[in-house]
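Asker: Following this line is upload_39.cif, made up of mmCIF, C-alpha atoms:
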data_run
#
loop_
_atom_site.label_atom_id
_atom_site.label_comp_id
_atom_site.auth_asym_id
_atom_site.auth_seq_id
_atom_site.Cartn_x
_atom_site.Cartn_y
_atom_site.Cartn_z
CA MET A 1 78.88 -19.64 -3.82
CA GLN A 2 81.39 -16.93 -4.71
CA GLU A 3 82.62 -16.57 -1.15
CA VAL A 4 82.83 -20.34 -0.75
CA MET A 5 85.11 -20.61 -3.78
CA LEU A 6 87.27 -17.78 -2.54
CA ALA A 7 87.61 -19.35 0.88
CA MET A 8 88.57 -22.67 -0.67
CA LEU A 9 91.30 -20.94 -2.64
CA ALA A 10 92.69 -19.51 0.59
CA LYS A 11 94.37 -22.82 1.35
CA GLU A 12 96.56 -22.73 -1.76
CA PRO A 13 96.43 -21.76 -5.43
CA SER A 14 94.38 -24.43 -7.19
CA HIS A 15 92.99 -25.69 -10.48
CA GLY A 16 89.26 -25.53 -11.03
CA TYR A 17 88.97 -29.29 -10.91
CA GLU A 18 90.72 -29.38 -7.54
CA LEU A 19 88.18 -26.94 -6.13
CA ARG A 20 85.43 -29.07 -7.50
CA ALA A 21 86.86 -32.20 -5.88
CA ARG A 22 87.05 -30.40 -2.51
CA LEU A 23 83.46 -29.30 -2.81
CA ARG A 24 82.34 -32.80 -3.64
CA ALA A 25 84.19 -34.22 -0.65
CA ALA A 26 82.50 -31.74 1.66
CA LEU A 27 79.03 -32.20 0.20
CA GLY A 28 78.91 -35.91 -0.66
CA PRO A 29 75.66 -36.83 -2.38
CA LEU A 30 74.46 -33.23 -2.06
CA GLY A 31 77.19 -32.11 -4.42
CA ASP A 32 75.90 -34.33 -7.22
CA SER A 33 73.52 -31.69 -8.45
CA MET A 34 76.36 -29.21 -9.02
CA ASN A 35 77.69 -29.24 -12.51
CA ALA A 36 81.30 -28.64 -13.44
CA GLY A 37 80.39 -25.49 -15.33
CA GLN A 38 79.24 -23.75 -12.15
CA VAL A 39 82.74 -23.78 -10.71
CA TYR A 40 84.27 -22.29 -13.85
CA VAL A 41 81.56 -19.69 -14.31
CA THR A 42 82.09 -18.57 -10.73
CA LEU A 43 85.88 -18.45 -11.15
CA THR A 44 85.56 -16.36 -14.31
CA ARG A 45 83.30 -13.90 -12.50
CA LEU A 46 85.67 -13.68 -9.57
CA GLU A 47 88.55 -13.03 -11.92
CA LYS A 48 86.67 -10.22 -13.64
CA ALA A 49 85.93 -8.72 -10.25
CA GLY A 50 89.63 -8.78 -9.42
CA LEU A 51 89.21 -11.17 -6.50
CA VAL A 52 91.25 -13.98 -8.06
CA ALA A 53 94.05 -14.06 -10.60
CA SER A 54 94.92 -16.94 -12.86
CA GLU A 55 98.00 -18.12 -14.65
CA ARG A 56 98.65 -21.03 -16.94
CA SER A 57 100.53 -23.87 -15.35
CA ASP A 58 102.57 -26.61 -16.92
CA PRO A 59 100.24 -28.58 -19.13
CA ALA A 60 99.03 -31.78 -17.56
CA PRO A 61 98.38 -34.34 -20.29
CA ASP A 62 94.93 -35.44 -19.12
CA ARG A 63 93.62 -32.07 -17.99
CA PRO A 64 92.25 -29.58 -20.46
CA ASP A 65 92.10 -26.75 -17.91
CA ARG A 66 95.54 -25.54 -17.10
CA LYS A 67 94.73 -22.41 -15.22
CA VAL A 68 95.81 -22.13 -11.62
CA TYR A 69 93.75 -19.64 -9.61
CA THR A 70 95.16 -17.53 -6.78
CA LEU A 71 93.48 -15.13 -4.36
CA THR A 72 94.33 -11.47 -4.93
CA PRO A 73 94.71 -9.19 -1.87
CA ALA A 74 91.15 -7.98 -2.52
CA GLY A 75 90.02 -11.59 -2.57
CA GLN A 76 91.76 -12.27 0.73
CA GLN A 77 90.01 -9.31 2.26
CA ARG A 78 86.65 -10.55 1.04
CA VAL A 79 87.28 -13.99 2.57
CA ALA A 80 88.22 -12.42 5.92
CA GLY A 81 85.06 -10.31 5.84
CA TRP A 82 82.90 -13.30 4.96
CA LEU A 83 84.31 -15.43 7.78
CA SER A 84 83.55 -12.77 10.38
CA GLU A 85 80.05 -12.21 9.05
CA ILE A 86 77.25 -13.70 11.15
CA GLY A 87 74.54 -14.83 8.80
CA TRP A 88 71.97 -17.53 9.27
CA PRO A 89 69.12 -18.47 6.96
CA LYS A 90 65.79 -17.22 8.23
CA PRO A 91 63.19 -19.88 8.88
CA ASP A 92 60.15 -19.27 6.74
CA LEU A 93 57.36 -20.37 9.03
CA ALA A 94 55.11 -17.33 8.85
CA GLU A 95 53.85 -18.16 5.38
CA PHE A 96 52.62 -21.61 6.33
CA HIS A 97 51.21 -20.29 9.60
CA LEU A 98 49.24 -17.60 7.76
CA LYS A 99 48.07 -20.13 5.20
CA LEU A 100 46.43 -22.11 8.00
CA VAL A 101 44.92 -19.01 9.57
CA ALA A 102 43.52 -17.75 6.27
CA ALA A 103 42.27 -21.16 5.13
CA ALA A 104 40.42 -21.66 8.40
CA ALA A 105 38.95 -18.16 8.50
CA ALA A 106 37.59 -18.33 4.96
CA ARG A 107 36.69 -22.03 5.32
CA LEU A 108 38.71 -22.61 2.17
CA ALA A 109 40.39 -25.75 3.44
CA ASP A 110 40.73 -27.81 6.60
CA PRO A 111 43.92 -26.65 8.36
CA VAL A 112 44.46 -30.13 9.78
CA ALA A 113 44.43 -31.56 6.26
CA LEU A 114 46.96 -28.95 5.17
CA VAL A 115 49.17 -29.91 8.10
CA ASP A 116 48.86 -33.59 7.13
CA ALA A 117 49.91 -32.85 3.56
CA GLN A 118 52.85 -30.80 4.75
CA ARG A 119 53.91 -33.54 7.16
CA ARG A 120 53.84 -36.16 4.41
CA GLU A 121 56.22 -34.07 2.36
CA LEU A 122 58.59 -33.39 5.26
CA LEU A 123 58.65 -37.06 6.23
CA ARG A 124 59.60 -38.00 2.70
CA ARG A 125 62.45 -35.52 2.86
CA LEU A 126 63.44 -36.79 6.30
CA ARG A 127 63.54 -40.32 4.98
CA GLU A 128 65.76 -39.30 2.10
CA ALA A 129 68.15 -37.21 4.18
CA GLN A 130 68.35 -39.90 6.85
CA ARG A 131 69.13 -42.62 4.35
CA ALA A 132 71.78 -40.51 2.66
CA GLY A 133 73.25 -39.78 6.11
CA MET A 134 73.34 -43.42 7.16
CA ALA A 135 75.14 -44.29 3.92
CA GLU A 136 77.98 -41.90 4.80
CA PRO A 137 80.97 -43.30 6.68
CA ASP A 138 81.44 -42.19 10.31
CA GLY A 139 82.96 -38.75 10.61
CA SER A 140 82.29 -37.71 7.00
CA SER A 141 81.79 -34.01 6.26
CA ALA A 142 78.77 -34.71 4.13
CA GLY A 143 77.28 -36.80 6.96
CA LEU A 144 77.52 -33.81 9.26
CA LEU A 145 75.66 -31.64 6.78
CA LEU A 146 72.98 -34.29 6.35
CA GLU A 147 72.63 -34.49 10.15
CA GLY A 148 71.88 -30.78 10.13
CA ILE A 149 69.14 -31.29 7.56
CA VAL A 150 67.65 -34.13 9.60
CA LEU A 151 67.62 -32.06 12.79
CA ARG A 152 65.91 -29.14 11.05
CA LEU A 153 63.27 -31.39 9.55
CA GLN A 154 62.65 -32.90 12.98
CA ALA A 155 62.15 -29.44 14.42
CA ASP A 156 59.73 -28.54 11.63
CA LEU A 157 57.83 -31.79 12.16
CA ARG A 158 57.52 -31.04 15.84
CA TRP A 159 56.08 -27.65 15.06
CA LEU A 160 53.58 -29.31 12.70
CA GLU A 161 52.52 -31.54 15.61
CA ALA A 162 51.79 -28.43 17.63
CA CYS A 163 49.87 -26.95 14.67
CA GLU A 164 47.85 -30.13 14.37
CA ARG A 165 46.98 -30.18 18.09
CA THR A 166 45.84 -26.59 18.08
CA TRP A 167 43.82 -26.69 14.87
CA ALA A 168 42.22 -30.03 15.70
CA ALA A 169 41.13 -28.58 19.06
CA ARG A 170 39.71 -25.44 17.40
CA LYS A 171 37.82 -27.60 14.93
CA GLY A 172 36.39 -29.55 17.88
CA GLU A 173 35.25 -26.34 19.60
CA SER A 174 33.52 -24.98 16.53
CA GLY A 175 31.50 -28.19 16.65
CA SER A 176 32.01 -29.54 13.15
CA MET B 1 50.53 -53.44 -3.47
CA SER B 2 53.67 -55.28 -2.46
CA GLN B 3 56.57 -56.66 -4.44
CA THR B 4 56.53 -59.94 -2.56
CA GLY B 5 53.04 -60.92 -3.62
CA SER B 6 50.00 -60.61 -1.48
CA ILE B 7 50.97 -62.55 1.61
CA SER B 8 49.43 -60.61 4.43
CA MET B 9 51.42 -60.85 7.64
CA VAL B 10 49.20 -58.64 9.74
CA ARG B 11 45.59 -57.87 9.04
CA ALA B 12 42.86 -56.04 10.87
CA LYS B 13 39.24 -55.64 9.85
CA GLY B 14 36.99 -53.24 11.69
CA LEU B 15 39.15 -53.76 14.75
CA ARG B 16 37.78 -52.17 17.94
CA LYS B 17 38.83 -51.95 21.55
CA GLU B 18 36.73 -50.24 24.18
CA HIS B 19 37.53 -49.58 27.81
CA GLY B 20 35.00 -48.64 30.47
CA ARG B 21 31.26 -48.25 30.17
CA ALA B 22 28.49 -45.74 29.62
CA SER B 23 29.74 -42.20 30.09
CA GLY B 24 33.21 -43.52 30.92
CA LEU B 25 33.44 -45.42 27.64
CA VAL B 26 36.71 -44.95 25.79
CA ARG B 27 37.06 -46.17 22.24
CA ALA B 28 40.84 -46.73 22.21
CA VAL B 29 40.71 -48.36 18.78
CA ASP B 30 37.63 -47.53 16.81
CA GLY B 31 37.24 -49.54 13.62
CA VAL B 32 40.69 -49.98 12.10
CA ASP B 33 41.44 -51.75 8.81
CA LEU B 34 45.02 -52.69 8.12
CA ASP B 35 46.97 -54.97 5.84
CA VAL B 36 50.71 -55.37 6.22
CA ALA B 37 52.40 -57.38 3.47
CA ALA B 38 55.37 -59.64 4.06
CA ALA B 39 58.66 -57.72 4.13
CA GLU B 40 56.86 -54.43 4.47
CA THR B 41 57.67 -51.85 7.14
CA VAL B 42 54.64 -49.93 8.38
CA ALA B 43 54.78 -47.16 10.95
CA VAL B 44 51.78 -45.87 12.85
CA MET B 45 52.25 -42.36 14.17
CA GLY B 46 50.07 -40.29 16.39
CA PRO B 47 49.96 -38.30 19.61
CA SER B 48 50.08 -40.21 22.90
CA GLY B 49 46.67 -41.55 23.78
CA CYS B 50 45.61 -41.95 20.14
CA GLY B 51 45.35 -45.72 20.59
CA LYS B 52 48.43 -46.80 18.72
CA SER B 53 49.88 -48.93 21.53
CA THR B 54 46.54 -50.63 22.10
CA LEU B 55 46.38 -51.34 18.38
CA LEU B 56 49.76 -53.04 18.52
CA HIS B 57 48.63 -55.15 21.48
CA LEU B 58 45.53 -56.24 19.56
CA LEU B 59 47.56 -57.09 16.45
CA SER B 60 50.03 -59.18 18.44
CA GLY B 61 47.41 -60.92 20.54
CA LEU B 62 48.54 -59.32 23.80
CA GLU B 63 45.03 -57.91 24.18
CA ARG B 64 41.69 -59.14 22.92
CA PRO B 65 39.57 -56.82 20.76
CA THR B 66 36.02 -55.77 21.62
CA GLY B 67 35.06 -56.28 18.01
CA GLY B 68 36.38 -56.85 14.52
CA GLU B 69 39.02 -59.26 13.30
CA ALA B 70 42.75 -59.58 13.88
CA TRP B 71 44.86 -61.85 11.71
CA LEU B 72 48.47 -62.80 12.23
CA ALA B 73 50.51 -64.65 9.64
CA GLY B 74 47.34 -65.89 7.98
CA LYS B 75 45.62 -67.01 11.21
CA ARG B 76 42.67 -65.29 12.79
CA ILE B 77 43.71 -64.66 16.39
CA ASP B 78 40.84 -62.75 17.98
CA ARG B 79 38.88 -65.94 18.59
CA LEU B 80 41.69 -68.27 19.58
CA SER B 81 42.01 -69.50 23.13
CA GLU B 82 44.42 -67.75 25.47
CA ARG B 83 46.86 -70.66 25.18
CA ALA B 84 46.69 -70.88 21.43
CA VAL B 85 47.37 -67.16 21.09
CA ALA B 86 50.30 -67.43 23.49
CA ARG B 87 51.77 -70.24 21.42
CA LEU B 88 51.28 -68.40 18.15
CA ARG B 89 52.74 -65.23 19.62
CA ARG B 90 55.85 -67.05 20.78
CA HIS B 91 56.64 -68.20 17.30
CA SER B 92 55.25 -65.51 15.07
CA VAL B 93 55.80 -62.20 16.84
CA GLY B 94 58.81 -60.44 18.26
CA PHE B 95 58.00 -57.51 20.48
CA VAL B 96 60.19 -54.49 21.27
CA PHE B 97 59.15 -52.12 24.06
CA GLN B 98 60.03 -48.55 24.80
CA ALA B 99 61.40 -49.47 28.23
CA PHE B 100 63.38 -52.50 26.94
CA HIS B 101 61.92 -54.90 29.57
CA LEU B 102 65.10 -56.92 29.97
CA MET B 103 65.56 -59.12 33.00
CA ASP B 104 68.03 -57.33 35.23
CA GLU B 105 69.54 -60.42 36.79
CA LEU B 106 70.27 -62.13 33.45
CA THR B 107 73.19 -61.38 31.13
CA ALA B 108 72.64 -60.00 27.64
CA ALA B 109 73.04 -63.47 26.14
CA GLU B 110 70.73 -65.09 28.72
CA ASN B 111 68.03 -62.52 28.02
CA ILE B 112 68.17 -63.40 24.35
CA GLU B 113 68.22 -67.17 25.01
CA MET B 114 65.04 -67.00 27.08
CA PRO B 115 62.41 -66.92 24.29
CA ALA B 116 64.13 -69.72 22.40
CA LEU B 117 64.24 -71.86 25.56
CA LEU B 118 60.57 -71.13 26.25
CA ALA B 119 59.74 -72.19 22.72
CA GLY B 120 61.47 -75.51 23.27
CA SER B 121 64.97 -75.02 21.87
CA SER B 122 67.85 -76.95 23.40
CA PRO B 123 70.14 -74.86 25.63
CA ARG B 124 72.93 -75.30 23.11
CA ALA B 125 70.87 -74.14 20.16
CA ALA B 126 69.57 -71.20 22.19
CA ARG B 127 73.10 -70.19 23.16
CA ARG B 128 74.28 -70.39 19.58
CA ARG B 129 71.34 -68.33 18.39
CA ALA B 130 71.97 -65.69 21.07
CA ALA B 131 75.62 -65.36 20.07
CA GLU B 132 74.58 -64.99 16.43
CA LEU B 133 72.04 -62.30 17.27
CA LEU B 134 74.41 -60.35 19.52
CA GLU B 135 76.82 -60.29 16.63
CA ARG B 136 74.07 -59.08 14.34
CA VAL B 137 73.15 -56.16 16.60
CA GLY B 138 76.80 -55.24 17.03
CA LEU B 139 77.18 -56.37 20.64
CA ALA B 140 79.29 -59.51 20.27
CA ASP B 141 81.58 -58.18 23.01
CA ARG B 142 78.75 -57.74 25.53
CA VAL B 143 77.66 -61.36 25.90
CA LYS B 144 78.16 -61.57 29.66
CA HIS B 145 77.15 -58.04 30.57
CA LEU B 146 74.16 -57.44 32.78
CA PRO B 147 71.66 -54.87 31.49
CA SER B 148 72.80 -52.47 34.22
CA ALA B 149 76.26 -52.43 32.63
CA LEU B 150 74.85 -51.46 29.23
CA SER B 151 73.84 -48.07 27.84
CA GLY B 152 70.22 -47.42 26.88
CA GLY B 153 70.97 -47.94 23.21
CA GLN B 154 72.78 -51.19 23.90
CA ARG B 155 69.90 -52.42 26.07
CA GLN B 156 67.46 -51.73 23.28
CA ARG B 157 69.66 -53.58 20.82
CA VAL B 158 69.71 -56.58 23.18
CA ALA B 159 65.91 -56.31 23.39
CA ILE B 160 65.70 -56.30 19.59
CA ALA B 161 67.97 -59.35 19.43
CA ARG B 162 65.69 -61.05 21.96
CA ALA B 163 62.66 -60.20 19.84
CA LEU B 164 64.35 -61.92 16.90
CA ALA B 165 65.28 -65.05 18.83
CA ASN B 166 62.52 -67.22 17.39
CA ASP B 167 62.75 -65.80 13.89
CA PRO B 168 59.38 -64.09 14.12
CA MET B 169 57.24 -63.51 11.05
CA VAL B 170 56.54 -60.02 12.32
CA LEU B 171 58.57 -57.72 14.51
CA MET B 172 56.41 -55.24 16.40
CA ALA B 173 57.92 -52.25 18.14
CA ASP B 174 56.20 -49.85 20.51
CA GLU B 175 58.08 -46.54 20.65
CA PRO B 176 61.46 -48.28 20.33
CA THR B 177 63.46 -45.05 20.42
CA GLY B 178 61.35 -43.33 23.06
CA ASN B 179 63.97 -43.68 25.80
CA LEU B 180 67.06 -43.15 23.65
CA ASP B 181 69.33 -40.22 22.93
CA SER B 182 70.09 -39.15 19.39
CA ALA B 183 73.18 -41.34 18.84
CA ALA B 184 71.49 -44.45 20.23
CA THR B 185 68.44 -43.68 18.08
CA VAL B 186 70.64 -43.79 14.99
CA ASP B 187 71.96 -47.23 16.02
CA VAL B 188 68.39 -48.51 16.30
CA LEU B 189 67.47 -46.87 12.98
CA ARG B 190 70.36 -48.60 11.25
CA LEU B 191 69.36 -51.91 12.76
CA PHE B 192 65.74 -51.56 11.63
CA GLU B 193 66.93 -50.54 8.19
CA GLU B 194 69.08 -53.70 8.00
CA LEU B 195 66.21 -55.88 9.15
CA HIS B 196 63.98 -54.28 6.57
CA LEU B 197 66.52 -54.96 3.81
CA ALA B 198 66.75 -58.56 5.02
CA GLY B 199 63.00 -58.91 4.41
CA GLN B 200 61.74 -58.71 7.99
CA THR B 201 58.14 -57.55 8.31
CA LEU B 202 58.01 -54.64 10.74
CA VAL B 203 55.18 -52.78 12.43
CA ILE B 204 56.31 -49.78 14.45
CA VAL B 205 54.17 -47.42 16.50
CA THR B 206 55.90 -44.24 17.46
CA HIS B 207 55.80 -40.51 17.66
CA ASP B 208 59.47 -40.22 16.70
CA ALA B 209 59.60 -38.92 13.14
CA ARG B 210 63.05 -40.41 12.58
CA ILE B 211 62.00 -44.01 13.10
CA ALA B 212 58.68 -43.41 11.30
CA ALA B 213 60.63 -42.16 8.29
CA THR B 214 62.29 -45.57 7.88
CA ALA B 215 58.91 -47.10 6.96
CA ASP B 216 57.56 -47.87 3.50
CA ARG B 217 54.15 -46.76 4.57
CA LEU B 218 53.13 -44.36 7.26
CA ILE B 219 49.74 -44.24 8.93
CA THR B 220 48.57 -41.38 11.11
CA MET B 221 46.23 -42.27 13.93
CA ARG B 222 44.06 -39.91 15.93
CA ASP B 223 41.40 -40.73 18.54
CA GLY B 224 41.41 -44.42 17.71
CA VAL B 225 41.06 -44.13 13.93
CA PHE B 226 43.40 -43.93 10.95
CA VAL B 227 43.15 -40.43 9.53
CA ASP B 228 45.97 -40.37 7.01
CA GLU B 229 48.06 -42.85 5.12
CA THR B 230 51.04 -42.22 2.92
CA ARG B 231 53.71 -44.13 1.08
CA LEU B 232 57.18 -42.84 1.79
CA THR B 233 58.99 -44.97 -0.76
CA GLY B 234 59.62 -44.36 -4.40
CA GLY B 235 60.61 -41.23 -6.20
CA SER B 236 63.38 -39.12 -4.79
CA THR B 237 62.16 -35.65 -3.94
CA GLY B 238 65.37 -34.36 -5.50
CA SER B 239 65.34 -31.60 -2.97
CA LEU B 240 68.15 -32.66 -0.68
CA SER B 241 70.55 -30.10 -2.08
CA ALA B 242 67.91 -27.43 -1.86
CA LEU B 243 67.35 -28.36 1.78
CA ALA B 244 71.03 -27.76 2.42
CA GLY B 245 70.77 -24.36 0.77
CA LEU B 246 72.54 -25.41 -2.42
CA GLY B 247 71.53 -24.73 -5.96
CA SER B 248 69.43 -22.05 -7.46
#
Would you write out, as structure tokens, the structure that this file holds?

Answerer:
Amino acid sequence: MQEVMLAMLAKEPSHGYELRARLRAALGPLGDSMNAGQVYVTLTRLEKAGLVASERSDPAPDRPDRKVYTLTPAGQQRVAGWLSEIGWPKPDLAEFHLKLVAAAAARLADPVALVDAQRRELLRRLREAQRAGMAEPDGSSAGLLLEGIVLRLQADLRWLEACERTWAARKGESGS
Amino acid sequence: MSQTGSISMVRAKGLRKEHGRASGLVRAVDGVDLDVAAAETVAVMGPSGCGKSTLLHLLSGLERPTGGEAWLAGKRIDRLSERAVARLRRHSVGFVFQAFHLMDELTAAENIEMPALLAGSSPRAARRRAAELLERVGLADRVKHLPSALSGGQRQRVAIARALANDPMVLMADEPTGNLDSAATVDVLRLFEELHLAGQTLVIVTHDARIAATADRLITMRDGVFVDETRLTGGSTGSLSALAGLGS
């Protein structure tokens, strides 16, 4: 989140509430869970680290926070570094895979039943993400993010289909 | 449990369908119980060959079961005569196929008028209804287009409009997004969602998780039997932000 806030400040010096509004626009319903405090806590940390500087602006009557935050040269450098970084979250499939292997080997649980339970949960999430996505207007930033979630869930569900096929076949062979 | 009371639109009891004999015997549907309430959307998911299409044919009266009972809109259909089933089907069921099954030589509007005309509507009433339905599926500007001039998604939307022509009690769809790309799938999803909100009873068989996820209730079918059933409605998982990588 620190890098995100820095990058958002790169456009122009901003108030905390402006940053928050930009985040909300980009995240849509997904931004609802973020509280206002998070933005200010992050800004305070960044200021301590010397990545942003703040100064008081002319008081706006309806805004209690008057600080305007600016990137320092160190902050600009950090943003540039972050943008050129190639990071991608690692899919965590091995744990579930090993769960099925171990459950089957020890006859602790039916792998097919575990796959069913997992699929139920993913379908519930898919339903939720899909509905949230369909509620977004065409071309919305948040809609694009939700589309990414939907596509990932679809990929996971397809993998579960393959798991089900394989484990159901093994169960058949072992003659239960 | 349904919010609209206990009117059962589709019901199956011990429903069975067998093909072949002796060692070649295939139990396509092997003792299925099902109850679909009015205004409910139920999806049946399963790998190809699990019997889900056959099930839909039995429930809509397109095929006759080997055993068990099939009820449609409160009427038992497995014992009705061929003609009586055909009549009931015309008025009570709308069917959507994977491959659209539009008539190539008829325009979009004419395709939609057909079921109303067959059910005895006047040409004028049928035309009016078709225009209304094309509007509803977002294709008001495609009235005179032949299917060949429409995209896959548009063809399927015409097919859905046609399925709605006689205001069916139940809309049944067999793999409705099976031939569609991602964007066209979303159009069909939206349409099904709207129909659902309007109180249409829907039974969908599919292996597309996206369309299955629009259902209230999801049934998993394997080798002719229901092996899992789950309710997808109610209670947000609250994990959307986490799925996007937000939050702690």

Asker: Which chain B residues have any atom within 9 Å of an atom of chain A, and for each, what is the nearest pair of atoms with distance in Å to one decimal, counting only C-alpha atoms, rows sorted by chain and number, as a Markdown table?

Answerer:
| residue | atom | partner | partner_atom | distance |
| --- | --- | --- | --- | --- |
| B:Pro47 | CA | A:Glu161 | CA | 8.3 |
| B:Val186 | CA | A:Met134 | CA | 8.3 |
| B:Leu189 | CA | A:Met134 | CA | 9.0 |
| B:Arg190 | CA | A:Met134 | CA | 7.2 |
| B:Asp208 | CA | A:Gln154 | CA | 8.8 |
| B:Ala209 | CA | A:Gln154 | CA | 6.8 |
| B:Arg210 | CA | A:Leu126 | CA | 7.3 |
| B:Ala212 | CA | A:Leu123 | CA | 8.1 |
| B:Ala213 | CA | A:Arg127 | CA | 4.8 |
| B:Thr214 | CA | A:Arg127 | CA | 6.1 |
| B:Ala215 | CA | A:Arg127 | CA | 8.4 |
| B:Leu218 | CA | A:Arg120 | CA | 8.7 |
| B:Thr220 | CA | A:Asp116 | CA | 8.8 |
| B:Asp228 | CA | A:Asp116 | CA | 7.4 |
| B:Glu229 | CA | A:Arg120 | CA | 8.9 |
| B:Thr230 | CA | A:Arg120 | CA | 6.8 |
| B:Arg231 | CA | A:Arg120 | CA | 8.6 |
| B:Leu232 | CA | A:Arg124 | CA | 5.5 |
| B:Thr233 | CA | A:Arg124 | CA | 7.8 |
| B:Ser236 | CA | A:Glu128 | CA | 7.3 |
| B:Thr237 | CA | A:Arg125 | CA | 6.8 |
| B:Gly238 | CA | A:Arg125 | CA | 8.9 |
| B:Ser239 | CA | A:Arg125 | CA | 7.6 |
| B:Leu240 | CA | A:Leu30 | CA | 6.5 |
| B:Ser241 | CA | A:Leu30 | CA | 5.0 |
| B:Ala242 | CA | A:Leu30 | CA | 8.8 |
| B:Leu243 | CA | A:Ile149 | CA | 6.7 |
| B:Ala244 | CA | A:Ile149 | CA | 6.5 |
| B:Gly245 | CA | A:Pro89 | CA | 8.7 |
| B:Leu246 | CA | A:Leu30 | CA | 8.1 |
| B:Gly247 | CA | A:Met34 | CA | 7.3 |

Asker: Would you save the residues of that selection, restricted to C-alpha atoms, as a PDB file, in the coordinates of the input?

Answerer:
ATOM      1  CA  PRO B  47      49.960 -38.300  19.610  1.00  0.00           C
ATOM      2  CA  VAL B 186      70.640 -43.790  14.990  1.00  0.00           C
ATOM      3  CA  LEU B 189      67.470 -46.870  12.980  1.00  0.00           C
ATOM      4  CA  ARG B 190      70.360 -48.600  11.250  1.00  0.00           C
ATOM      5  CA  ASP B 208      59.470 -40.220  16.700  1.00  0.00           C
ATOM      6  CA  ALA B 209      59.600 -38.920  13.140  1.00  0.00           C
ATOM      7  CA  ARG B 210      63.050 -40.410  12.580  1.00  0.00           C
ATOM      8  CA  ALA B 212      58.680 -43.410  11.300  1.00  0.00           C
ATOM      9  CA  ALA B 213      60.630 -42.160   8.290  1.00  0.00           C
ATOM     10  CA  THR B 214      62.290 -45.570   7.880  1.00  0.00           C
ATOM     11  CA  ALA B 215      58.910 -47.100   6.960  1.00  0.00           C
ATOM     12  CA  LEU B 218      53.130 -44.360   7.260  1.00  0.00           C
ATOM     13  CA  THR B 220      48.570 -41.380  11.110  1.00  0.00           C
ATOM     14  CA  ASP B 228      45.970 -40.370   7.010  1.00  0.00           C
ATOM     15  CA  GLU B 229      48.060 -42.850   5.120  1.00  0.00           C
ATOM     16  CA  THR B 230      51.040 -42.220   2.920  1.00  0.00           C
ATOM     17  CA  ARG B 231      53.710 -44.130   1.080  1.00  0.00           C
ATOM     18  CA  LEU B 232      57.180 -42.840   1.790  1.00  0.00           C
ATOM     19  CA  THR B 233      58.990 -44.970  -0.760  1.00  0.00           C
ATOM     20  CA  SER B 236      63.380 -39.120  -4.790  1.00  0.00           C
ATOM     21  CA  THR B 237      62.160 -35.650  -3.940  1.00  0.00           C
ATOM     22  CA  GLY B 238      65.370 -34.360  -5.500  1.00  0.00           C
ATOM     23  CA  SER B 239      65.340 -31.600  -2.970  1.00  0.00           C
ATOM     24  CA  LEU B 240      68.150 -32.660  -0.680  1.00  0.00           C
ATOM     25  CA  SER B 241      70.550 -30.100  -2.080  1.00  0.00           C
ATOM     26  CA  ALA B 242      67.910 -27.430  -1.860  1.00  0.00           C
ATOM     27  CA  LEU B 243      67.350 -28.360   1.780  1.00  0.00           C
ATOM     28  CA  ALA B 244      71.030 -27.760   2.420  1.00  0.00           C
ATOM     29  CA  GLY B 245      70.770 -24.360   0.770  1.00  0.00           C
ATOM     30  CA  LEU B 246      72.540 -25.410  -2.420  1.00  0.00           C
ATOM     31  CA  GLY B 247      71.530 -24.730  -5.960  1.00  0.00           C
TER      32      GLY B 247
END

Asker: Find the residues around Ala163 of chain B up to 7 Å (all atoms listed in the file counted), leave out those fewer than 5 positions away in its own chain, and share them as an mmCIF file with C-alpha atoms, in the coordinates of the input.

Answerer:
data_model
loop_
_atom_site.group_PDB
_atom_site.id
_atom_site.type_symbol
_atom_site.label_atom_id
_atom_site.label_comp_id
_atom_site.auth_asym_id
_atom_site.auth_seq_id
_atom_site.Cartn_x
_atom_site.Cartn_y
_atom_site.Cartn_z
ATOM 1 C CA GLY B 94 58.810 -60.440 18.260
ATOM 2 C CA PHE B 95 58.000 -57.510 20.480
ATOM 3 C CA VAL B 96 60.190 -54.490 21.270
#

Asker: A:Gly16, A:Gly139, A:Pro111, A:Gly28: which is nearest Leu98 of chain A, counting all atoms listed in the file?

Answerer: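 Smallest distance to Leu98 of chain A is found for A:Pro111.
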
Asker: Kindly give the distance, in Å, that separates atom CA of Thr41 of chain B and atom CA of Cys163 of chain A, rounded to a single decimal.

Answerer: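 For atom CA of Thr41 of chain B relative to atom CA of Cys163 of chain A, the distance reads 27.2 Å.
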
Asker: Could you list, as a PyMOL selection string, every residue within 12 Å of Arg87 of chain B, counting all atoms listed in the file and ignoring same-chain residues fewer than 2 positions away?

Answerer: chain B and resi 60-62+77+80-85+89-93+115+118-120+166

Asker: Might you spell out which residues the PyMOL selection byres ((chain B and resi 136) around 10) would select in the displayed file, as a compact mmCIF listing (two decimals) with C-alpha atoms, keeping the file's coordinate frame?

Answerer:
# COMPACT_ATOMS: atom_id res chain seq x y z
CA ALA B 130 71.97 -65.69 21.07
CA ALA B 131 75.62 -65.36 20.07
CA GLU B 132 74.58 -64.99 16.43
CA LEU B 133 72.04 -62.30 17.27
CA LEU B 134 74.41 -60.35 19.52
CA GLU B 135 76.82 -60.29 16.63
CA VAL B 137 73.15 -56.16 16.60
CA GLY B 138 76.80 -55.24 17.03
CA LEU B 139 77.18 -56.37 20.64
CA ALA B 140 79.29 -59.51 20.27
CA ARG B 157 69.66 -53.58 20.82
CA ALA B 161 67.97 -59.35 19.43
CA LEU B 191 69.36 -51.91 12.76
CA GLU B 194 69.08 -53.70 8.00
CA LEU B 195 66.21 -55.88 9.15
